[in-house]
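Enquirer: Contents of protein31.pdb (PDB, C-alpha atoms):
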ATOM      1  CA  MET W 219      19.312  -1.928  -3.620
ATOM      2  CA  THR W 220      18.372   0.497  -6.374
ATOM      3  CA  ALA W 221      20.303   0.766  -9.639
ATOM      4  CA  GLY W 222      22.085   3.755  -8.118
ATOM      5  CA  GLY W 223      23.228   1.772  -5.103
ATOM      6  CA  ASP W 224      20.763   3.209  -2.580
ATOM      7  CA  TRP W 225      19.019   1.100   0.049
ATOM      8  CA  LEU W 226      15.378   0.819  -1.032
ATOM      9  CA  LEU W 227      13.277   0.769   2.130
ATOM     10  CA  ARG W 228       9.750  -0.619   1.926
ATOM     11  CA  PHE W 229       6.933   0.470   4.254
ATOM     12  CA  ARG W 230       4.284  -2.205   4.774
ATOM     13  CA  CYS W 231       1.177  -2.890   6.828
ATOM     14  CA  PHE W 232      -0.654  -6.201   6.927
ATOM     15  CA  ALA W 233      -4.340  -7.114   7.009
ATOM     16  CA  ILE W 234      -5.596 -10.345   8.564
ATOM     17  CA  ARG W 235      -9.117 -11.655   8.036
ATOM     18  CA  LEU W 236      -9.945 -14.427  10.459
ATOM     19  CA  GLY W 237     -13.275 -15.807  11.586
ATOM     20  CA  GLY W 238     -15.237 -12.760  10.507
ATOM     21  CA  ARG W 239     -12.751 -10.335  12.034
ATOM     22  CA  THR W 240     -10.469  -7.853  10.298
ATOM     23  CA  VAL W 241      -7.172  -7.016  11.977
ATOM     24  CA  ILE W 242      -4.628  -4.491  10.711
ATOM     25  CA  VAL W 243      -1.001  -4.729  11.823
ATOM     26  CA  ASP W 244       0.750  -1.343  11.754
ATOM     27  CA  ALA W 245      -0.469   1.863  10.168
ATOM     28  CA  GLY W 246       2.295   2.996   7.838
ATOM     29  CA  ILE W 247       3.806   6.424   7.244
ATOM     30  CA  GLY W 248       0.492   8.242   7.139
ATOM     31  CA  PRO W 249      -0.872  11.441   5.570
ATOM     32  CA  ALA W 250       1.171  14.445   4.526
ATOM     33  CA  ASP W 251       1.048  15.976   8.013
ATOM     34  CA  SER W 252       2.089  12.837   9.906
ATOM     35  CA  PRO W 253       5.259  12.804  12.029
ATOM     36  CA  ALA W 254       7.005  10.618   9.432
ATOM     37  CA  ALA W 255       6.939  13.568   7.021
ATOM     38  CA  ALA W 256      10.268  14.646   8.500
ATOM     39  CA  TRP W 257      12.021  11.749   6.768
ATOM     40  CA  ALA W 258       9.659   9.397   4.894
ATOM     41  CA  PRO W 259       7.835   9.806   1.539
ATOM     42  CA  VAL W 260       4.403  10.869   2.756
ATOM     43  CA  PRO W 261       1.565  10.517   2.045
ATOM     44  CA  GLY W 262       1.442   6.754   2.340
ATOM     45  CA  ARG W 263      -0.811   4.446   0.344
ATOM     46  CA  LEU W 264      -2.626   2.573   3.104
ATOM     47  CA  PRO W 265      -6.113   4.014   2.392
ATOM     48  CA  ALA W 266      -5.777   3.186  -1.301
ATOM     49  CA  SER W 267      -4.407  -0.273  -0.507
ATOM     50  CA  LEU W 268      -7.357  -0.991   1.787
ATOM     51  CA  THR W 269      -9.760   0.022  -0.974
ATOM     52  CA  GLU W 270      -7.956  -2.257  -3.408
ATOM     53  CA  ALA W 271      -8.316  -5.113  -0.899
ATOM     54  CA  GLY W 272     -12.019  -4.388  -0.353
ATOM     55  CA  ILE W 273     -11.553  -3.332   3.279
ATOM     56  CA  ASP W 274     -13.532  -0.432   4.719
ATOM     57  CA  PRO W 275     -11.664   1.212   7.646
ATOM     58  CA  ALA W 276     -14.938   1.115   9.580
ATOM     59  CA  GLU W 277     -15.016  -2.708   9.439
ATOM     60  CA  VAL W 278     -11.582  -3.080  11.052
ATOM     61  CA  ASP W 279     -12.083  -4.197  14.654
ATOM     62  CA  THR W 280      -8.440  -4.352  15.821
ATOM     63  CA  VAL W 281      -5.288  -2.444  14.958
ATOM     64  CA  VAL W 282      -2.033  -3.816  16.365
ATOM     65  CA  LEU W 283       0.788  -1.282  16.422
ATOM     66  CA  THR W 284       4.026  -3.238  16.671
ATOM     67  CA  HIS W 285       5.733  -0.149  18.070
ATOM     68  CA  LEU W 286       5.373   3.596  17.981
ATOM     69  CA  HIS W 287       8.050   4.689  15.508
ATOM     70  CA  THR W 288       6.613   7.243  13.117
ATOM     71  CA  ASP W 289       6.617   4.958  10.051
ATOM     72  CA  HIS W 290       4.314   2.510  11.833
ATOM     73  CA  ILE W 291       1.660   4.850  13.273
ATOM     74  CA  GLY W 292       0.898   7.264  10.438
ATOM     75  CA  TRP W 293      -2.619   6.141   9.525
ATOM     76  CA  ALA W 294      -3.574   5.423  13.118
ATOM     77  CA  MET W 295      -4.971   8.946  12.901
ATOM     78  CA  SER W 296      -6.376  11.158  10.157
ATOM     79  CA  ALA W 297      -7.433  14.774  10.651
ATOM     80  CA  GLY W 298      -6.979  14.331  14.384
ATOM     81  CA  LYS W 299      -9.359  11.368  14.665
ATOM     82  CA  PRO W 300      -8.787   7.589  14.643
ATOM     83  CA  PHE W 301      -8.617   6.499  11.010
ATOM     84  CA  PHE W 302     -10.191   3.177  12.016
ATOM     85  CA  PRO W 303     -13.223   4.501  13.903
ATOM     86  CA  ASN W 304     -14.478   1.203  15.347
ATOM     87  CA  ALA W 305     -11.155  -0.469  16.123
ATOM     88  CA  ARG W 306      -9.402  -1.238  19.363
ATOM     89  CA  TYR W 307      -5.757  -0.194  19.069
ATOM     90  CA  VAL W 308      -3.452  -2.671  20.834
ATOM     91  CA  MET W 309      -0.029  -1.696  22.199
ATOM     92  CA  GLN W 310       2.293  -2.986  24.868
ATOM     93  CA  ARG W 311       2.104  -1.046  28.132
ATOM     94  CA  THR W 312       5.910  -0.818  28.225
ATOM     95  CA  GLU W 313       5.801   0.938  24.846
ATOM     96  CA  LEU W 314       3.327   3.489  26.106
ATOM     97  CA  ASP W 315       5.487   4.104  29.160
ATOM     98  CA  ALA W 316       8.539   4.626  26.937
ATOM     99  CA  ILE W 317       6.667   7.108  24.747
ATOM    100  CA  LYS W 318       5.864   9.177  27.827
ATOM    101  CA  GLU W 319       9.406   8.898  29.189
ATOM    102  CA  HIS W 320      11.047  10.032  25.958
ATOM    103  CA  ALA W 321       8.357  12.564  24.968
ATOM    104  CA  ALA W 322       8.217  10.893  21.546
ATOM    105  CA  PRO W 323       6.070  12.391  18.751
ATOM    106  CA  ALA W 324       3.863   9.299  18.837
ATOM    107  CA  GLY W 325       2.411  10.596  22.114
ATOM    108  CA  PRO W 326       0.598  13.726  20.969
ATOM    109  CA  TYR W 327       0.001  12.339  17.482
ATOM    110  CA  ALA W 328      -1.490   8.936  18.280
ATOM    111  CA  MET W 329      -1.383   7.823  21.894
ATOM    112  CA  ASP W 330      -3.090  10.837  23.469
ATOM    113  CA  PRO W 331      -5.923  11.043  20.884
ATOM    114  CA  LEU W 332      -6.534   7.287  21.088
ATOM    115  CA  LEU W 333      -6.714   7.478  24.870
ATOM    116  CA  ALA W 334      -9.147  10.385  24.608
ATOM    117  CA  ALA W 335     -11.289   8.401  22.160
ATOM    118  CA  GLY W 336     -11.295   5.373  24.480
ATOM    119  CA  GLN W 337      -9.886   3.133  21.749
ATOM    120  CA  LEU W 338      -6.481   2.266  23.198
ATOM    121  CA  ASP W 339      -5.829  -1.124  24.837
ATOM    122  CA  ALA W 340      -2.583  -1.548  26.765
ATOM    123  CA  VAL W 341      -1.457  -5.175  27.109
ATOM    124  CA  ASP W 342       1.323  -6.828  29.068
ATOM    125  CA  GLY W 343       3.336  -9.432  27.189
ATOM    126  CA  GLU W 344       1.603 -12.178  25.243
ATOM    127  CA  HIS W 345      -2.038 -11.381  24.500
ATOM    128  CA  ARG W 346      -4.668 -13.410  22.644
ATOM    129  CA  LEU W 347      -6.555 -11.426  20.022
ATOM    130  CA  ALA W 348      -8.649 -14.298  18.641
ATOM    131  CA  PRO W 349      -8.392 -18.070  18.302
ATOM    132  CA  GLY W 350      -5.102 -18.671  16.506
ATOM    133  CA  LEU W 351      -4.059 -15.025  16.672
ATOM    134  CA  ARG W 352      -1.911 -13.411  19.372
ATOM    135  CA  VAL W 353       0.662 -10.739  20.021
ATOM    136  CA  VAL W 354       3.998 -11.515  21.656
ATOM    137  CA  HIS W 355       6.352  -9.057  23.317
ATOM    138  CA  THR W 356       9.678  -8.841  21.438
ATOM    139  CA  PRO W 357      11.509  -5.931  23.091
ATOM    140  CA  GLY W 358      14.759  -4.325  22.049
ATOM    141  CA  HIS W 359      14.050  -2.312  18.924
ATOM    142  CA  THR W 360      11.842  -0.371  21.330
ATOM    143  CA  PRO W 361      10.907  -1.365  24.902
ATOM    144  CA  GLY W 362       7.422  -2.486  23.925
ATOM    145  CA  HIS W 363       7.987  -3.823  20.431
ATOM    146  CA  GLN W 364       5.584  -6.677  19.656
ATOM    147  CA  CYS W 365       5.002  -9.187  16.870
ATOM    148  CA  VAL W 366       1.801 -10.910  15.749
ATOM    149  CA  LEU W 367       1.533 -14.700  15.400
ATOM    150  CA  LEU W 368      -1.145 -16.237  13.200
ATOM    151  CA  GLU W 369      -1.546 -20.009  13.467
ATOM    152  CA  ASP W 370      -4.089 -21.797  11.283
ATOM    153  CA  GLY W 371      -3.905 -25.556  11.176
ATOM    154  CA  GLY W 372      -0.292 -26.394  10.421
ATOM    155  CA  ASP W 373       0.524 -22.971   8.997
ATOM    156  CA  THR W 374       2.165 -20.141  10.938
ATOM    157  CA  VAL W 375       2.705 -16.544   9.865
ATOM    158  CA  VAL W 376       4.684 -14.094  11.989
ATOM    159  CA  VAL W 377       4.179 -10.377  11.360
ATOM    160  CA  THR W 378       7.536  -9.114  12.541
ATOM    161  CA  GLY W 379       7.301  -5.310  12.707
ATOM    162  CA  ASP W 380      10.879  -4.047  12.961
ATOM    163  CA  LEU W 381      12.362  -7.171  14.485
ATOM    164  CA  PHE W 382      13.964  -7.575  11.032
ATOM    165  CA  VAL W 383      14.917  -4.349   9.258
ATOM    166  CA  HIS W 384      17.463  -5.708   6.775
ATOM    167  CA  ALA W 385      17.511  -9.043   4.970
ATOM    168  CA  VAL W 386      20.908  -9.950   6.437
ATOM    169  CA  GLN W 387      19.220 -10.310   9.840
ATOM    170  CA  VAL W 388      17.196 -13.259   8.577
ATOM    171  CA  VAL W 389      20.362 -15.281   7.973
ATOM    172  CA  ALA W 390      22.439 -13.591  10.709
ATOM    173  CA  PRO W 391      19.921 -12.574  13.396
ATOM    174  CA  GLU W 392      22.700 -11.536  15.760
ATOM    175  CA  THR W 393      23.361  -8.537  13.485
ATOM    176  CA  ALA W 394      22.342  -5.289  15.175
ATOM    177  CA  TYR W 395      20.551  -2.334  13.607
ATOM    178  CA  THR W 396      21.541   1.276  14.282
ATOM    179  CA  HIS W 397      18.142   2.416  15.535
ATOM    180  CA  GLU W 398      17.568  -0.271  18.147
ATOM    181  CA  MET W 399      17.133   1.226  21.589
ATOM    182  CA  ASP W 400      18.605  -1.883  23.244
ATOM    183  CA  PRO W 401      20.651  -3.821  20.662
ATOM    184  CA  GLU W 402      21.440  -6.743  22.971
ATOM    185  CA  LEU W 403      17.796  -7.234  23.936
ATOM    186  CA  ALA W 404      16.726  -6.851  20.302
ATOM    187  CA  ARG W 405      19.249  -9.524  19.330
ATOM    188  CA  THR W 406      17.866 -11.879  21.985
ATOM    189  CA  SER W 407      14.286 -11.296  20.806
ATOM    190  CA  ARG W 408      15.202 -11.763  17.145
ATOM    191  CA  VAL W 409      17.194 -14.955  17.671
ATOM    192  CA  ALA W 410      14.471 -16.481  19.865
ATOM    193  CA  LEU W 411      11.618 -15.673  17.494
ATOM    194  CA  LEU W 412      13.540 -16.840  14.438
ATOM    195  CA  ARG W 413      14.316 -20.128  16.188
ATOM    196  CA  GLN W 414      10.605 -20.654  16.919
ATOM    197  CA  ALA W 415       9.675 -19.694  13.363
ATOM    198  CA  ARG W 416      12.103 -22.227  11.922
ATOM    199  CA  GLU W 417      10.777 -24.968  14.193
ATOM    200  CA  LYS W 418       7.264 -24.293  12.872
ATOM    201  CA  GLY W 419       8.320 -23.768   9.256
ATOM    202  CA  ALA W 420       6.697 -20.351   9.526
ATOM    203  CA  THR W 421       6.405 -17.520   7.047
ATOM    204  CA  LEU W 422       7.682 -14.096   8.085
ATOM    205  CA  ALA W 423       5.592 -11.081   7.058
ATOM    206  CA  VAL W 424       8.131  -8.257   7.089
ATOM    207  CA  SER W 425       7.711  -4.484   7.088
ATOM    208  CA  HIS W 426      10.798  -3.244   5.290
ATOM    209  CA  LEU W 427      12.539  -6.074   3.404
ATOM    210  CA  GLY W 428      12.415  -6.483  -0.375
ATOM    211  CA  ASP W 429       9.864  -9.310  -0.376
ATOM    212  CA  PRO W 430       6.838  -9.050   1.931
ATOM    213  CA  PHE W 431       6.793 -12.765   2.814
ATOM    214  CA  ILE W 432       9.765 -14.968   3.620
ATOM    215  CA  LYS W 433       9.351 -18.711   4.120
ATOM    216  CA  ILE W 434      11.660 -19.954   6.868
TER     217      ILE W 434
END
For the file at hand, write its structure as structure tokens.
Expert:
Amino acid sequence: MTAGGDWLLRFRCFAIRLGGRTVIVDAGIGPADSPAAAWAPVPGRLPASLTEAGIDPAEVDTVVLTHLHTDHIGWAMSAGKPFFPNARYVMQRTELDAIKEHAAPAGPYAMDPLLAAGQLDAVDGEHRLAPGLRVVHTPGHTPGHQCVLLEDGGDTVVVTGDLFVHAVQVVAPETAYTHEMDPELARTSRVALLRQAREKGATLAVSHLGDPFIKI
């Protein structure tokens, strides 16, 4: 919370370097003309953050979009073109179907241009990105919400997207969030993933909570 009692909402993306590959998970709130401008503090800082981390957008080979809410797709595009020009963008097929069904702004902003550019990969359920790196389907927040699991030796990191939106859900995962499309399914996904994370002693990499990494 802020000193004035407001809920301070973070917006985070994550970069993973593994075996010579560079993977970005989520694309933030985006430039000033992104769909998130209707409610979020655009422009976002992802391009500057990549520069600070020494990552050229052209070297990114994979972009995983956990789901297609506007605060997670902003820098998928820039000036009508893929911001990561050489990347494959990975989304769950059920998410793409939901975007079409609900005529969501993510369609014309990101999905349609990525399809036209031939850079969109639709996957079904669990999908291996690289040795030790995979996406898993965690529906509920949206129909095709997905998380990313990184396993290296005995260490596990779970990039959670919006599976956790408030810190209380880490200690009480049954707690629903207003903007879940299917709260019961989201609860099931959250409880199951948190149970697995605890068994592995994993670290959660979270989009919106106060601290970016939470050791379980």
Enquirer: Quick one: which range 332-416 of chain W residues come within 8 Å of range 228-244 of chain W, and what is the nearest atom pair for each with the distance in Å to one decimal, counting only C-alpha atoms, rows ordered by chain and ascending number, as a Markdown table?
Expert:
| residue | atom | partner | partner_atom | distance |
| --- | --- | --- | --- | --- |
| W:Val366 | CA | W:Val243 | CA | 7.8 |
| W:Val377 | CA | W:Val243 | CA | 7.7 |
| W:Gly379 | CA | W:Asp244 | CA | 7.7 |
Enquirer: Once the PyMOL selection byres ((chain W and resi 328) around 12) has been applied to the shown file, what residues remain in the selection, as a PyMOL selection string?
Expert: chain W and resi 245+248+252-253+283+285-288+290-301+307+309+314+317+322-327+329-335+337-338
Enquirer: For the atom pair CA of Leu268 in chain W and CA of Asp289 in chain W, what is the interatomic distance in Å to one decimal place?
Expert: 17.3 Å
Enquirer: Written as a ChimeraX atom specification, what is the full residue list that the PyMOL selection byres ((chain W and resi 373) around 8) yields on the file shown?
Expert: /W:369-372,374-375,418-420
Enquirer: Evaluate the PyMOL selection byres ((chain W and resi 304) around 7) here and jot the selected residues down as a list in words.
Expert: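 Evaluating the PyMOL selection byres ((chain W and resi 304) around 7) on this file yields Ala276, Val278, Asp279, Phe302, Pro303, Ala305 and Arg306 of chain W.
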Enquirer: Identify, on the basis of all atoms listed in the file, every residue whose closest approach to Ile432 in chain W does not exceed 10 Å; exclude the query and any residue fewer than 3 positions from it along the same chain; express the result as a tab-separated table (two decimals) with C-alpha atoms, in the coordinates of the input.
Expert:
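Wrote it out as selection-v5.tsv, contents follow:
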chain	number	residue	atom	x	y	z
W	375	VAL	CA	2.70	-16.54	9.86
W	376	VAL	CA	4.68	-14.09	11.99
W	385	ALA	CA	17.51	-9.04	4.97
W	388	VAL	CA	17.20	-13.26	8.58
W	420	ALA	CA	6.70	-20.35	9.53
W	421	THR	CA	6.40	-17.52	7.05
W	422	LEU	CA	7.68	-14.10	8.09
W	423	ALA	CA	5.59	-11.08	7.06
W	424	VAL	CA	8.13	-8.26	7.09
W	427	LEU	CA	12.54	-6.07	3.40
W	428	GLY	CA	12.42	-6.48	-0.38
W	429	ASP	CA	9.86	-9.31	-0.38
Enquirer: Restricting the calculation to only C-alpha atoms, which member of W:Val282, W:Gly246, W:Ala321, W:Phe382 is positioned closest to Pro265 in chain W?
Expert: W:Gly246
Enquirer: To one decimal place, how far is CA of Tyr395 in chain W from CA of Val383 in chain W in Å?
Expert: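 Calculated distance between CA of Tyr395 in chain W and CA of Val383 in chain W is 7.4 Å.
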Enquirer: If you measure from CA of Met399 in chain W to CA of Pro259 in chain W, what distance in Å do you get, rounded to one decimal?
Expert: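 It comes out at 23.7 Å.
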